[in-house]
Amino acid sequence: MLKLPKDLVADPRHDAVSALLTKHAGLLWESGRNQVATLPMTEALAAELRGALAAEHACHGLELITDRLAGEQKGLDAMARKAPESPQNARASRLLFLANDGSTRFYRDCDALLSRYPQRLLACRLEITGDALGEKLTGKAKLIRSVLVFDKKVAARALLALLPPD
């Protein structure tokens, strides 16, 4: 069962998002360990991601994403040591959006991140190339194969933006 961001749980479209992510799930690469939905890139999602990048609620580039998640984990680990009785919230609060033209190594590295941070990281492969994603998000020719949304409210809106328009 997917533990989606808290802001999404209260939304009436929660079940539709959950069903969409589950129905279109598959492995990132042939020897992958994690299920990831592959979904169309929507205009609503492109707008959310552009806004998130502009407001610094998201970042792109797998190296930067890896460093960000590792840094956040250090903070979470330190907090857990200070207050061991306080349980960690097992709810996806970070979204990793991936282009569909990555190499096996790229997807293997993404799969490793999903295995390392299973409590808080959820990934979605978009039906768009890295070149097209970069252009959609920046308005110019730029290769972007991975975007991490690390703001919980933006993550909830981004998941809702995956739903097909009514």
# chains A, B, ... in the order shown; residues from 1 in each chain; ligands from 1

$ residues_around --residues "Ala52 (chain A)" --least-positions-apart "4" --cutoff "10 Å" --atoms "only C-alpha atoms" --output "MDAnalysis selection string"
chainID A and resid 46:48 56:59 147:151 154:155 158

$ write_last_selection --atoms "N, CA and C atoms" --output "short mmCIF file (atom, residue, chain, number, x, y, z; two decimals), in the first residue's frame"
data_model
loop_
_atom_site.label_atom_id
_atom_site.label_comp_id
_atom_site.auth_asym_id
_atom_site.auth_seq_id
_atom_site.Cartn_x
_atom_site.Cartn_y
_atom_site.Cartn_z
N ALA A 46 3.93 19.54 -15.77
CA ALA A 46 5.01 20.41 -16.25
C ALA A 46 4.95 21.77 -15.54
N ALA A 47 3.75 22.31 -15.38
CA ALA A 47 3.58 23.60 -14.69
C ALA A 47 4.00 23.48 -13.23
N GLU A 48 3.60 22.39 -12.55
CA GLU A 48 3.98 22.18 -11.15
C GLU A 48 5.50 22.08 -11.01
N GLU A 56 12.58 26.73 -5.77
CA GLU A 56 13.58 25.91 -5.09
C GLU A 56 12.94 24.87 -4.15
N HIS A 57 11.82 24.31 -4.60
CA HIS A 57 11.17 23.19 -3.91
C HIS A 57 11.50 21.88 -4.62
N ALA A 58 12.37 21.97 -5.63
CA ALA A 58 12.77 20.80 -6.42
C ALA A 58 14.17 21.07 -6.96
N CYS A 59 14.84 19.98 -7.35
CA CYS A 59 16.14 20.11 -7.99
C CYS A 59 16.22 19.04 -9.08
N VAL A 147 14.12 14.76 -11.82
CA VAL A 147 13.70 15.91 -11.02
C VAL A 147 13.21 15.37 -9.68
N LEU A 148 13.73 15.92 -8.59
CA LEU A 148 13.29 15.55 -7.25
C LEU A 148 12.48 16.69 -6.66
N VAL A 149 11.24 16.40 -6.28
CA VAL A 149 10.41 17.37 -5.56
C VAL A 149 10.55 17.04 -4.09
N PHE A 150 11.03 18.00 -3.30
CA PHE A 150 11.28 17.73 -1.88
C PHE A 150 10.41 18.55 -0.95
N ASP A 151 9.44 19.26 -1.47
CA ASP A 151 8.46 19.97 -0.65
C ASP A 151 7.18 19.13 -0.61
N VAL A 154 4.07 20.58 -2.49
CA VAL A 154 4.30 20.54 -3.94
C VAL A 154 4.23 19.10 -4.44
N ALA A 155 4.75 18.17 -3.63
CA ALA A 155 4.70 16.74 -4.01
C ALA A 155 3.25 16.28 -4.16
N ALA A 158 1.90 17.75 -7.32
CA ALA A 158 2.50 17.09 -8.50
C ALA A 158 1.83 15.74 -8.76
#

$ select_by_dssp --residues "region 69-105 of chain A" --states "strand (DSSP E)" --output "list of chain:residue names"
A:Arg94, A:Leu95, A:Leu96, A:Phe97, A:Leu98

$ atom_distance --atom1 "CA of Pro165 (chain A)" --atom2 "CA of Leu27 (chain A)"
26.2 Å

$ residues_around --residues "region 123-128 of chain A" --least-positions-apart "5" --cutoff "6 Å" --atoms "only C-alpha atoms" --output "ChimeraX atom specification"
/A:36-41,95-100

$ closest_atom_pairs --of "region 7-101 of chain A" --to "region 108-120 of chain A" --cutoff "6 Å" --atoms "only C-alpha atoms" --output "CSV"
residue,atom,partner,partner_atom,distance
A:Ala90,CA,A:Gln119,CA,4.8
A:Arg91,CA,A:Arg120,CA,5.4
A:Ala92,CA,A:Arg120,CA,3.9
A:Ser93,CA,A:Arg120,CA,5.2
A:Arg94,CA,A:Arg120,CA,5.9

$ write_last_selection --atoms "all heavy atoms" --output "PDB file, in the first residue's frame"
ATOM      1  N   ALA A  90       6.446   6.998   8.053  1.00  0.00           N
ATOM      2  CA  ALA A  90       6.656   6.194   6.847  1.00  0.00           C
ATOM      3  C   ALA A  90       5.679   6.627   5.764  1.00  0.00           C
ATOM      4  O   ALA A  90       4.689   5.969   5.491  1.00  0.00           O
ATOM      5  CB  ALA A  90       6.484   4.716   7.178  1.00  0.00           C
ATOM      6  N   ARG A  91       5.960   7.785   5.173  1.00  0.00           N
ATOM      7  CA  ARG A  91       5.068   8.342   4.162  1.00  0.00           C
ATOM      8  C   ARG A  91       5.913   9.007   3.091  1.00  0.00           C
ATOM      9  O   ARG A  91       6.838   9.745   3.404  1.00  0.00           O
ATOM     10  CB  ARG A  91       4.144   9.364   4.829  1.00  0.00           C
ATOM     11  CG  ARG A  91       3.147   9.996   3.928  1.00  0.00           C
ATOM     12  CD  ARG A  91       2.190  10.890   4.691  1.00  0.00           C
ATOM     13  NE  ARG A  91       1.427  10.212   5.728  1.00  0.00           N
ATOM     14  CZ  ARG A  91       0.389   9.414   5.494  1.00  0.00           C
ATOM     15  NH1 ARG A  91       0.001   9.183   4.270  1.00  0.00           N
ATOM     16  NH2 ARG A  91      -0.261   8.859   6.500  1.00  0.00           N
ATOM     17  N   ALA A  92       5.585   8.729   1.834  1.00  0.00           N
ATOM     18  CA  ALA A  92       6.341   9.339   0.737  1.00  0.00           C
ATOM     19  C   ALA A  92       6.192  10.856   0.794  1.00  0.00           C
ATOM     20  O   ALA A  92       5.084  11.372   0.784  1.00  0.00           O
ATOM     21  CB  ALA A  92       5.851   8.805  -0.608  1.00  0.00           C
ATOM     22  N   SER A  93       7.307  11.542   0.890  1.00  0.00           N
ATOM     23  CA  SER A  93       7.279  13.005   0.922  1.00  0.00           C
ATOM     24  C   SER A  93       8.226  13.582  -0.131  1.00  0.00           C
ATOM     25  O   SER A  93       8.316  14.787  -0.294  1.00  0.00           O
ATOM     26  CB  SER A  93       7.675  13.513   2.305  1.00  0.00           C
ATOM     27  OG  SER A  93       8.971  13.047   2.639  1.00  0.00           O
ATOM     28  N   ARG A  94       8.944  12.707  -0.816  1.00  0.00           N
ATOM     29  CA  ARG A  94       9.863  13.110  -1.875  1.00  0.00           C
ATOM     30  C   ARG A  94       9.468  12.369  -3.148  1.00  0.00           C
ATOM     31  O   ARG A  94       9.253  11.158  -3.116  1.00  0.00           O
ATOM     32  CB  ARG A  94      11.315  12.762  -1.523  1.00  0.00           C
ATOM     33  CG  ARG A  94      11.807  13.317  -0.194  1.00  0.00           C
ATOM     34  CD  ARG A  94      11.887  14.829  -0.241  1.00  0.00           C
ATOM     35  NE  ARG A  94      12.394  15.434   0.980  1.00  0.00           N
ATOM     36  CZ  ARG A  94      11.634  15.927   1.936  1.00  0.00           C
ATOM     37  NH1 ARG A  94      10.322  15.836   1.882  1.00  0.00           N
ATOM     38  NH2 ARG A  94      12.167  16.528   2.977  1.00  0.00           N
TER      39      ARG A  94
END

$ atom_distance --atom1 "CA of Lys23 (chain A)" --atom2 "CA of Asp11 (chain A)"
19.5 Å

$ select_by_dssp --residues "region 95-148 of chain A" --states "alpha helix (DSSP H)" --output "PyMOL selection string"
chain A and resi 104-116+130-138

$ closest_residue --among "A:Leu160, A:Gly139, A:Ile144, A:Gln35" --to "Leu8 (chain A)" --atoms "only C-alpha atoms"
A:Leu160

$ residues_around --residues "Arg13 (chain A)" --least-positions-apart "3" --cutoff "12 Å" --atoms "only C-alpha atoms" --output "ChimeraX atom specification"
/A:4,7-10,16-20,156-157,159-164,166

$ residues_around --residues "Lys142 (chain A)" --least-positions-apart "3" --cutoff "10 Å" --atoms "only C-alpha atoms" --output "number ranges by chain"
A: 130-139, 145

$ decode --residues "region 98-110 of chain A" --atoms "all heavy atoms" --output "PDB file, in the first residue's frame"
ATOM      1  N   LEU A  98      11.331  10.823 -13.548  1.00  0.00           N
ATOM      2  CA  LEU A  98      12.401  10.376 -14.440  1.00  0.00           C
ATOM      3  C   LEU A  98      11.952  10.415 -15.895  1.00  0.00           C
ATOM      4  O   LEU A  98      10.809  10.061 -16.204  1.00  0.00           O
ATOM      5  CB  LEU A  98      12.803   8.943 -14.083  1.00  0.00           C
ATOM      6  CG  LEU A  98      13.178   8.710 -12.620  1.00  0.00           C
ATOM      7  CD1 LEU A  98      13.272   7.230 -12.331  1.00  0.00           C
ATOM      8  CD2 LEU A  98      14.472   9.430 -12.298  1.00  0.00           C
ATOM      9  N   ALA A  99      12.868  10.801 -16.771  1.00  0.00           N
ATOM     10  CA  ALA A  99      12.608  10.721 -18.207  1.00  0.00           C
ATOM     11  C   ALA A  99      12.648   9.251 -18.620  1.00  0.00           C
ATOM     12  O   ALA A  99      13.183   8.404 -17.904  1.00  0.00           O
ATOM     13  CB  ALA A  99      13.655  11.527 -18.970  1.00  0.00           C
ATOM     14  N   ASN A 100      12.114   8.950 -19.795  1.00  0.00           N
ATOM     15  CA  ASN A 100      12.029   7.546 -20.216  1.00  0.00           C
ATOM     16  C   ASN A 100      13.162   7.106 -21.139  1.00  0.00           C
ATOM     17  O   ASN A 100      13.101   6.024 -21.714  1.00  0.00           O
ATOM     18  CB  ASN A 100      10.674   7.265 -20.862  1.00  0.00           C
ATOM     19  CG  ASN A 100      10.484   7.970 -22.196  1.00  0.00           C
ATOM     20  OD1 ASN A 100      11.340   8.744 -22.634  1.00  0.00           O
ATOM     21  ND2 ASN A 100       9.362   7.728 -22.829  1.00  0.00           N
ATOM     22  N   ASP A 101      14.203   7.918 -21.287  1.00  0.00           N
ATOM     23  CA  ASP A 101      15.292   7.543 -22.201  1.00  0.00           C
ATOM     24  C   ASP A 101      16.639   7.411 -21.479  1.00  0.00           C
ATOM     25  O   ASP A 101      17.694   7.574 -22.073  1.00  0.00           O
ATOM     26  CB  ASP A 101      15.405   8.546 -23.349  1.00  0.00           C
ATOM     27  CG  ASP A 101      15.767   9.955 -22.883  1.00  0.00           C
ATOM     28  OD1 ASP A 101      15.629  10.248 -21.671  1.00  0.00           O
ATOM     29  OD2 ASP A 101      16.179  10.767 -23.726  1.00  0.00           O
ATOM     30  N   GLY A 102      16.582   7.079 -20.184  1.00  0.00           N
ATOM     31  CA  GLY A 102      17.820   6.901 -19.425  1.00  0.00           C
ATOM     32  C   GLY A 102      18.489   5.576 -19.754  1.00  0.00           C
ATOM     33  O   GLY A 102      17.857   4.643 -20.256  1.00  0.00           O
ATOM     34  N   SER A 103      19.762   5.492 -19.442  1.00  0.00           N
ATOM     35  CA  SER A 103      20.520   4.252 -19.655  1.00  0.00           C
ATOM     36  C   SER A 103      20.190   3.260 -18.540  1.00  0.00           C
ATOM     37  O   SER A 103      19.613   3.616 -17.515  1.00  0.00           O
ATOM     38  CB  SER A 103      22.021   4.554 -19.621  1.00  0.00           C
ATOM     39  OG  SER A 103      22.388   4.996 -18.321  1.00  0.00           O
ATOM     40  N   THR A 104      20.596   2.018 -18.728  1.00  0.00           N
ATOM     41  CA  THR A 104      20.413   1.007 -17.677  1.00  0.00           C
ATOM     42  C   THR A 104      21.100   1.465 -16.397  1.00  0.00           C
ATOM     43  O   THR A 104      20.548   1.337 -15.306  1.00  0.00           O
ATOM     44  CB  THR A 104      20.980  -0.351 -18.142  1.00  0.00           C
ATOM     45  OG1 THR A 104      20.263  -0.760 -19.308  1.00  0.00           O
ATOM     46  CG2 THR A 104      20.828  -1.412 -17.068  1.00  0.00           C
ATOM     47  N   ARG A 105      22.294   2.019 -16.528  1.00  0.00           N
ATOM     48  CA  ARG A 105      23.023   2.480 -15.343  1.00  0.00           C
ATOM     49  C   ARG A 105      22.248   3.581 -14.619  1.00  0.00           C
ATOM     50  O   ARG A 105      22.164   3.595 -13.389  1.00  0.00           O
ATOM     51  CB  ARG A 105      24.408   2.991 -15.749  1.00  0.00           C
ATOM     52  CG  ARG A 105      25.188   3.490 -14.568  1.00  0.00           C
ATOM     53  CD  ARG A 105      26.555   3.967 -14.949  1.00  0.00           C
ATOM     54  NE  ARG A 105      27.217   4.491 -13.763  1.00  0.00           N
ATOM     55  CZ  ARG A 105      28.319   5.163 -13.796  1.00  0.00           C
ATOM     56  NH1 ARG A 105      28.930   5.397 -14.933  1.00  0.00           N
ATOM     57  NH2 ARG A 105      28.850   5.611 -12.683  1.00  0.00           N
ATOM     58  N   PHE A 106      21.679   4.507 -15.374  1.00  0.00           N
ATOM     59  CA  PHE A 106      20.879   5.589 -14.789  1.00  0.00           C
ATOM     60  C   PHE A 106      19.720   5.005 -13.974  1.00  0.00           C
ATOM     61  O   PHE A 106      19.506   5.367 -12.820  1.00  0.00           O
ATOM     62  CB  PHE A 106      20.362   6.512 -15.901  1.00  0.00           C
ATOM     63  CG  PHE A 106      19.379   7.553 -15.436  1.00  0.00           C
ATOM     64  CD1 PHE A 106      19.814   8.686 -14.760  1.00  0.00           C
ATOM     65  CD2 PHE A 106      18.022   7.401 -15.685  1.00  0.00           C
ATOM     66  CE1 PHE A 106      18.908   9.657 -14.336  1.00  0.00           C
ATOM     67  CE2 PHE A 106      17.112   8.364 -15.266  1.00  0.00           C
ATOM     68  CZ  PHE A 106      17.555   9.489 -14.587  1.00  0.00           C
ATOM     69  N   TYR A 107      18.981   4.080 -14.581  1.00  0.00           N
ATOM     70  CA  TYR A 107      17.830   3.494 -13.884  1.00  0.00           C
ATOM     71  C   TYR A 107      18.272   2.619 -12.708  1.00  0.00           C
ATOM     72  O   TYR A 107      17.596   2.558 -11.699  1.00  0.00           O
ATOM     73  CB  TYR A 107      16.935   2.709 -14.850  1.00  0.00           C
ATOM     74  CG  TYR A 107      16.217   3.626 -15.815  1.00  0.00           C
ATOM     75  CD1 TYR A 107      16.315   3.443 -17.182  1.00  0.00           C
ATOM     76  CD2 TYR A 107      15.454   4.694 -15.356  1.00  0.00           C
ATOM     77  CE1 TYR A 107      15.669   4.288 -18.068  1.00  0.00           C
ATOM     78  CE2 TYR A 107      14.804   5.554 -16.236  1.00  0.00           C
ATOM     79  CZ  TYR A 107      14.910   5.338 -17.589  1.00  0.00           C
ATOM     80  OH  TYR A 107      14.279   6.186 -18.449  1.00  0.00           O
ATOM     81  N   ARG A 108      19.408   1.966 -12.850  1.00  0.00           N
ATOM     82  CA  ARG A 108      19.950   1.170 -11.742  1.00  0.00           C
ATOM     83  C   ARG A 108      20.268   2.090 -10.558  1.00  0.00           C
ATOM     84  O   ARG A 108      19.963   1.782  -9.407  1.00  0.00           O
ATOM     85  CB  ARG A 108      21.197   0.405 -12.209  1.00  0.00           C
ATOM     86  CG  ARG A 108      21.697  -0.609 -11.199  1.00  0.00           C
ATOM     87  CD  ARG A 108      22.865  -1.400 -11.734  1.00  0.00           C
ATOM     88  NE  ARG A 108      23.976  -0.530 -12.072  1.00  0.00           N
ATOM     89  CZ  ARG A 108      24.681  -0.598 -13.199  1.00  0.00           C
ATOM     90  NH1 ARG A 108      24.416  -1.505 -14.108  1.00  0.00           N
ATOM     91  NH2 ARG A 108      25.683   0.237 -13.418  1.00  0.00           N
ATOM     92  N   ASP A 109      20.879   3.257 -10.847  1.00  0.00           N
ATOM     93  CA  ASP A 109      21.193   4.223  -9.792  1.00  0.00           C
ATOM     94  C   ASP A 109      19.916   4.772  -9.145  1.00  0.00           C
ATOM     95  O   ASP A 109      19.857   4.955  -7.925  1.00  0.00           O
ATOM     96  CB  ASP A 109      22.041   5.367 -10.346  1.00  0.00           C
ATOM     97  CG  ASP A 109      23.458   4.938 -10.716  1.00  0.00           C
ATOM     98  OD1 ASP A 109      23.867   3.810 -10.331  1.00  0.00           O
ATOM     99  OD2 ASP A 109      24.152   5.716 -11.398  1.00  0.00           O
ATOM    100  N   CYS A 110      18.893   5.023  -9.954  1.00  0.00           N
ATOM    101  CA  CYS A 110      17.610   5.498  -9.417  1.00  0.00           C
ATOM    102  C   CYS A 110      16.968   4.417  -8.548  1.00  0.00           C
ATOM    103  O   CYS A 110      16.425   4.705  -7.479  1.00  0.00           O
ATOM    104  CB  CYS A 110      16.660   5.881 -10.555  1.00  0.00           C
ATOM    105  SG  CYS A 110      17.208   7.321 -11.502  1.00  0.00           S
TER     106      CYS A 110
END
